[in-house]
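Shown here: run-v1.csv, CSV, C-alpha atoms and all ligand atoms.
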```csv
chain,number,residue,atom,x,y,z
A,410,MET,CA,109.9,120.3,89.4
A,411,SER,CA,107.3,117.7,88.2
A,412,ALA,CA,103.6,118.1,88.4
A,413,THR,CA,103.6,116.9,92.0
A,414,PRO,CA,101.8,119.5,94.1
A,415,LEU,CA,104.2,120.9,96.7
A,416,SER,CA,103.3,123.2,99.5
A,417,ILE,CA,105.6,125.1,101.9
A,418,ARG,CA,104.2,126.0,105.3
A,419,PRO,CA,105.3,126.8,108.8
A,420,ALA,CA,105.7,123.7,111.0
A,421,VAL,CA,103.0,122.8,113.6
A,422,ASP,CA,103.1,120.7,116.7
A,423,ALA,CA,101.9,117.6,114.8
A,424,ASP,CA,105.0,117.7,112.5
A,425,ARG,CA,107.4,117.0,115.3
A,426,VAL,CA,107.7,113.2,114.9
A,427,PRO,CA,107.9,113.3,111.0
A,428,LEU,CA,110.5,116.0,111.2
A,429,ALA,CA,112.6,114.0,113.7
A,430,ARG,CA,112.2,110.8,111.5
A,431,ILE,CA,113.5,112.7,108.4
A,432,PHE,CA,116.3,114.2,110.4
A,433,ALA,CA,117.3,110.7,111.7
A,434,ALA,CA,117.2,109.2,108.2
A,435,VAL,CA,119.4,112.0,106.8
A,436,VAL,CA,121.8,111.7,109.8
A,437,GLU,CA,122.2,107.9,108.9
A,438,GLU,CA,123.6,109.0,105.5
A,439,ASP,CA,126.6,110.4,107.3
A,440,ALA,CA,127.2,113.0,104.7
A,441,GLY,CA,125.4,116.3,105.0
A,442,LEU,CA,124.5,116.9,108.7
A,443,GLY,CA,126.7,117.6,111.7
A,444,THR,CA,124.9,115.2,114.0
A,445,GLU,CA,125.9,111.6,113.9
A,446,PRO,CA,123.8,108.5,114.7
A,447,PRO,CA,122.1,107.4,116.7
A,448,VAL,CA,119.3,110.0,116.9
A,449,ASP,CA,116.7,109.6,119.7
A,450,ILE,CA,113.6,110.3,117.7
A,451,ASP,CA,111.3,111.0,120.6
A,452,ALA,CA,113.9,113.4,122.2
A,453,ARG,CA,114.5,115.2,118.9
A,454,ALA,CA,110.8,115.5,118.2
A,455,ALA,CA,110.2,116.9,121.7
A,456,SER,CA,113.0,119.5,121.4
A,457,TRP,CA,112.4,120.5,117.8
A,458,THR,CA,112.2,124.3,117.6
A,459,LEU,CA,109.0,124.9,115.6
A,460,ASP,CA,109.4,128.6,115.4
A,461,GLY,CA,111.4,129.3,112.2
A,462,THR,CA,110.8,125.8,110.8
A,463,LEU,CA,109.2,125.6,107.3
A,464,VAL,CA,108.1,122.2,106.0
A,465,ALA,CA,107.7,121.0,102.5
A,466,VAL,CA,104.6,118.9,102.0
A,467,VAL,CA,103.8,116.6,99.1
A,468,ASP,CA,100.5,114.6,99.2
A,469,SER,CA,100.0,115.5,102.9
A,470,GLU,CA,103.5,114.1,103.8
A,471,ILE,CA,106.4,116.1,105.0
A,472,VAL,CA,109.3,115.5,102.6
A,473,GLY,CA,111.8,118.0,104.1
A,474,SER,CA,112.3,121.1,106.2
A,475,LEU,CA,114.3,124.2,106.7
A,476,HIS,CA,115.0,125.9,110.0
A,477,LEU,CA,115.8,129.6,110.2
A,478,ASP,CA,117.2,130.7,113.5
A,479,ALA,CA,116.9,134.5,113.7
A,480,SER,CA,119.6,136.0,115.9
A,481,ARG,CA,119.2,139.2,117.9
A,482,HIS,CA,121.9,140.7,115.7
A,483,GLY,CA,120.0,140.8,112.4
A,484,TYR,CA,121.3,137.6,110.8
A,485,GLY,CA,119.6,134.2,110.5
A,486,GLU,CA,121.3,130.8,110.5
A,487,LEU,CA,119.9,128.2,108.2
A,488,GLY,CA,119.8,124.4,108.2
A,489,MET,CA,117.8,122.2,106.0
A,490,ALA,CA,117.3,118.5,104.9
A,491,LEU,CA,115.1,116.6,102.5
A,492,ARG,CA,114.2,112.9,102.4
A,493,ARG,CA,116.7,111.4,99.9
A,494,GLU,CA,114.0,110.3,97.3
A,495,TRP,CA,112.7,113.9,97.1
A,496,ARG,CA,116.0,115.6,96.2
A,497,GLY,CA,116.9,117.1,92.9
A,498,LYS,CA,113.3,118.1,92.2
A,499,GLY,CA,113.4,121.8,93.2
A,500,ILE,CA,112.0,121.3,96.7
A,501,GLY,CA,115.2,122.6,98.4
A,502,SER,CA,114.9,125.6,96.1
A,503,ALA,CA,111.3,126.2,97.1
A,504,LEU,CA,112.1,125.9,100.8
A,505,LEU,CA,115.0,128.3,100.5
A,506,SER,CA,113.1,130.8,98.4
A,507,ALA,CA,110.3,130.8,101.1
A,508,ALA,CA,112.9,131.2,103.9
A,509,ILE,CA,114.5,134.2,102.1
A,510,GLU,CA,111.1,135.8,101.8
A,511,ASP,CA,110.4,135.1,105.5
A,512,ALA,CA,113.8,136.5,106.5
A,513,ARG,CA,113.1,139.7,104.6
A,514,THR,CA,109.7,140.0,106.2
A,515,ARG,CA,111.3,139.6,109.6
A,516,GLY,CA,113.7,142.4,108.8
A,517,LEU,CA,116.9,140.3,108.8
A,518,HIS,CA,119.7,141.7,106.9
A,519,LYS,CA,121.7,138.5,106.3
A,520,LEU,CA,121.4,134.7,106.1
A,521,SER,CA,124.3,132.5,107.0
A,522,LEU,CA,125.1,128.8,107.2
A,523,SER,CA,127.9,126.2,107.5
A,524,VAL,CA,128.1,123.4,105.1
A,525,PHE,CA,130.6,120.4,104.8
A,526,ALA,CA,133.1,121.2,102.0
A,527,HIS,CA,132.2,118.0,100.2
A,528,ASN,CA,128.5,118.6,100.2
A,529,GLU,CA,128.2,119.6,96.5
A,530,PRO,CA,124.4,119.5,96.1
A,531,ALA,CA,123.9,121.8,99.1
A,532,ILE,CA,126.7,124.2,98.0
A,533,ALA,CA,125.2,124.3,94.5
A,534,LEU,CA,121.8,125.1,95.9
A,535,TYR,CA,123.1,127.9,98.1
A,536,ARG,CA,125.2,129.4,95.3
A,537,LYS,CA,122.1,129.4,93.0
A,538,PHE,CA,120.5,131.7,95.5
A,539,GLY,CA,123.5,134.0,95.7
A,540,PHE,CA,125.2,132.8,98.8
A,541,VAL,CA,129.0,133.3,98.7
A,542,GLN,CA,131.8,131.6,100.6
A,543,GLU,CA,133.0,133.7,103.5
A,544,GLY,CA,135.5,131.3,105.0
A,545,ARG,CA,136.6,127.7,105.4
A,546,ARG,CA,137.2,126.0,108.7
A,547,VAL,CA,139.8,123.4,108.1
A,548,LYS,CA,139.5,119.9,109.7
A,549,HIS,CA,136.7,121.4,111.9
A,550,TYR,CA,134.4,118.5,112.6
A,551,ARG,CA,135.9,115.3,114.1
A,552,ARG,CA,133.6,112.4,113.0
A,553,ALA,CA,133.0,109.2,114.9
A,554,SER,CA,135.2,107.5,112.2
A,555,GLY,CA,138.1,109.7,113.2
A,556,GLU,CA,137.9,111.7,109.9
A,557,LEU,CA,138.3,115.5,110.2
A,558,TRP,CA,136.0,117.4,107.8
A,559,ASP,CA,136.3,120.9,106.6
A,560,THR,CA,133.3,123.2,106.7
A,561,ILE,CA,132.5,126.2,104.5
A,562,ASP,CA,130.8,129.3,105.9
A,563,MET,CA,128.4,131.0,103.4
A,564,GLY,CA,126.4,134.2,103.6
A,565,LEU,CA,123.7,136.0,101.7
A,566,LEU,CA,123.2,139.7,102.2
A,567,LEU,CA,119.6,140.7,102.0
A,568,LEU,CA,120.2,144.4,101.8
B,601,LIG,C1,120.9,120.1,100.1
B,601,LIG,C2,119.5,119.8,99.7
B,601,LIG,C3,118.5,120.4,100.7
B,601,LIG,C4,119.2,120.3,98.3
B,601,LIG,O1,117.8,120.2,98.0
B,601,LIG,P1,117.2,119.7,96.6
B,601,LIG,O2,115.8,119.8,96.6
B,601,LIG,O3,117.9,118.5,96.2
B,601,LIG,O4,117.8,120.9,95.7
B,601,LIG,P2,117.1,121.4,94.3
B,601,LIG,O5,116.5,120.3,93.6
B,601,LIG,O6,116.3,122.6,94.6
B,601,LIG,O7,118.4,121.9,93.5
B,601,LIG,C5,119.0,123.2,93.6
B,601,LIG,C6,120.2,123.3,92.8
B,601,LIG,O8,121.3,122.5,93.4
B,601,LIG,C7,122.0,121.8,92.3
B,601,LIG,N1,122.0,120.3,92.7
B,601,LIG,C8,120.9,119.6,93.1
B,601,LIG,N2,121.3,118.4,93.3
B,601,LIG,C9,122.6,118.3,93.0
B,601,LIG,C10,123.6,117.3,93.0
B,601,LIG,N3,123.3,116.0,93.4
B,601,LIG,N4,124.9,117.6,92.6
B,601,LIG,C11,125.2,118.9,92.2
B,601,LIG,N5,124.3,119.9,92.2
B,601,LIG,C12,123.0,119.6,92.6
B,601,LIG,C13,121.3,122.1,91.0
B,601,LIG,O9,122.2,122.9,90.4
B,601,LIG,C14,120.1,122.8,91.3
B,601,LIG,O10,120.0,123.9,90.5
B,601,LIG,P3,118.9,123.9,89.3
B,601,LIG,O11,117.6,124.1,89.9
B,601,LIG,O12,119.3,125.2,88.6
B,601,LIG,O13,119.1,122.7,88.6
B,601,LIG,C15,119.3,118.2,99.7
B,601,LIG,O14,120.3,117.7,98.8
B,601,LIG,C16,119.4,117.5,101.0
B,601,LIG,O15,118.5,117.4,101.8
B,601,LIG,N6,120.7,117.0,101.3
B,601,LIG,C17,120.9,116.3,102.6
B,601,LIG,C18,121.0,117.2,103.8
B,601,LIG,C19,122.0,118.3,103.6
B,601,LIG,O16,123.0,118.1,103.1
B,601,LIG,N7,121.6,119.5,104.1
B,601,LIG,C20,122.3,120.7,103.9
B,601,LIG,C21,123.2,120.8,105.1
B,601,LIG,S1,124.2,122.4,105.1
```

In structure tokens, how does this file's structure come out?
Amino acid sequence: MSATPLSIRPAVDADRVPLARIFAAVVEEDAGLGTEPPVDIDARAASWTLDGTLVAVVDSEIVGSLHLDASRHGYGELGMALRREWRGKGIGSALLSAAIEDARTRGLHKLSLSVFAHNEPAIALYRKFGFVQEGRRVKHYRRASGELWDTIDMGLLLL
């Protein structure tokens, strides 16, 4: 990571619109996220679940976020996205590291996620933190284009 000061903090109400805008921009890339365009930014902002969301902030601007959905069964499901221009600088690693710490604090025993099989940057990030592949769902997502995309389920035990 460069000298750019980065902070990771829990999301607050005022973050809703920036979070929704980043989400919509990443959805437009049609590569990493399950949702497809168009995204209704106001609706997404209003429905964003702040509890469990961490934001990455550089120079007072949100550049990405991670959501950890803690289940009643001891595992947490992760999702994350960064603005394109802020990728490859260690910010995803910083978010994931903070989320793992949070998960341990909450007493979760496992983190899990699904990722498109072609999403090499995301898979590399998860592997770096010790996530392992637990399964593959073949032709699982039908996209608006008609393409059928595989997903990989990954898990990280925190025991
Ligand atoms: C996935 C994502 C969050 C990664 O965040 P990031 O800040 O770019 O990741 P980092 O810079 O911390 O990189 C972590 C590791 O991933 C690997 N990596 C990063 N970019 C990569 C790329 N383009 N190709 C291959 N590996 C890559 C590196 O090995 C890096 O490890 P290192 O620190 O030892 O070099 C980011 O690419 C993103 O927002 N993508 C779009 C949304 C998305 O796909 N979300 C995940 C849905 S499951």

Polymer residues at most 9 Å from Leu566 of chain A, all atoms listed in the file, same-chain spacing of 5 or more positions, as a list in words: His518, Lys519, Leu520, Ser521, Gly539 and Phe540 of chain A

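Distance check against ligand LIG 601 (chain B) using only C-alpha atoms and all ligand atoms: of A:Gly441, A:Pro427, A:Gly555, A:Gly473, the minimum falls on A:Gly441.
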
Can you tell me which residues come within 6 Å of ligand LIG 601 (chain B) when counting all atoms listed in the file, ideally as a PyMOL selection string? chain A and resi 441-442+488-491+496-502+523-524+529-531+533-534

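For the residues A:Asp468, A:Leu463, A:Ile431, A:Gly443, ranking by smallest atom-to-atom distance to Thr560 of chain A using all atoms listed in the file places A:Gly443 first.
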
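Taking only C-alpha atoms into account, Arg430 of chain A lies nearest to A:Arg453 out of the set A:His527, A:Arg453, A:Lys548, A:Arg493.
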
Take the point (127.5, 131.4, 107.3) as written in the file and pick out every residue within 9 Å of it, counting all atoms listed in the file; give the list as a list of chain:residue names. A:Gly485, A:Glu486, A:Leu487, A:Leu520, A:Ser521, A:Leu522, A:Ser523, A:Val524, A:Phe540, A:Val541, A:Gln542, A:Glu543, A:Gly544, A:Ile561, A:Asp562, A:Met563, A:Gly564, A:Leu565

Expressed in Å to a single decimal, how great is the separation between atom CA of Ala423 of chain A and atom CA of Val472 of chain A?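 Separating atom CA of Ala423 of chain A from atom CA of Val472 of chain A is a distance of 14.4 Å.
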
If I take atom CA of Pro447 of chain A and atom CA of Ala479 of chain A, how far is one from the other in Å, to one decimal?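 Going from atom CA of Pro447 of chain A over to atom CA of Ala479 of chain A, I get 27.8 Å.
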
A:Leu475, A:Ala507, A:Val547, A:Ala429 ranked by distance to Ser456 of chain A, top pick (using only C-alpha atoms): A:Ala429

Counting only C-alpha atoms, which residue out of A:Arg551, A:Asp439, A:Val448, A:Leu477 sits closest to Val464 of chain A?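 With only C-alpha atoms as the atom set, the closest residue is A:Leu477.
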
Residue nearest Ala526 of chain A - candidates A:Ala434, A:Leu557, A:Ala455, A:Ala512, atoms counted: only C-alpha atoms: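 Between A:Ala434, A:Leu557, A:Ala455, A:Ala512, the residue approaching Ala526 of chain A most closely is A:Leu557.
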
How many Å lie between atom CA of Arg425 of chain A and atom CA of Ile450 of chain A, rounded to one decimal?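 Calculated distance between atom CA of Arg425 of chain A and atom CA of Ile450 of chain A is 9.4 Å.
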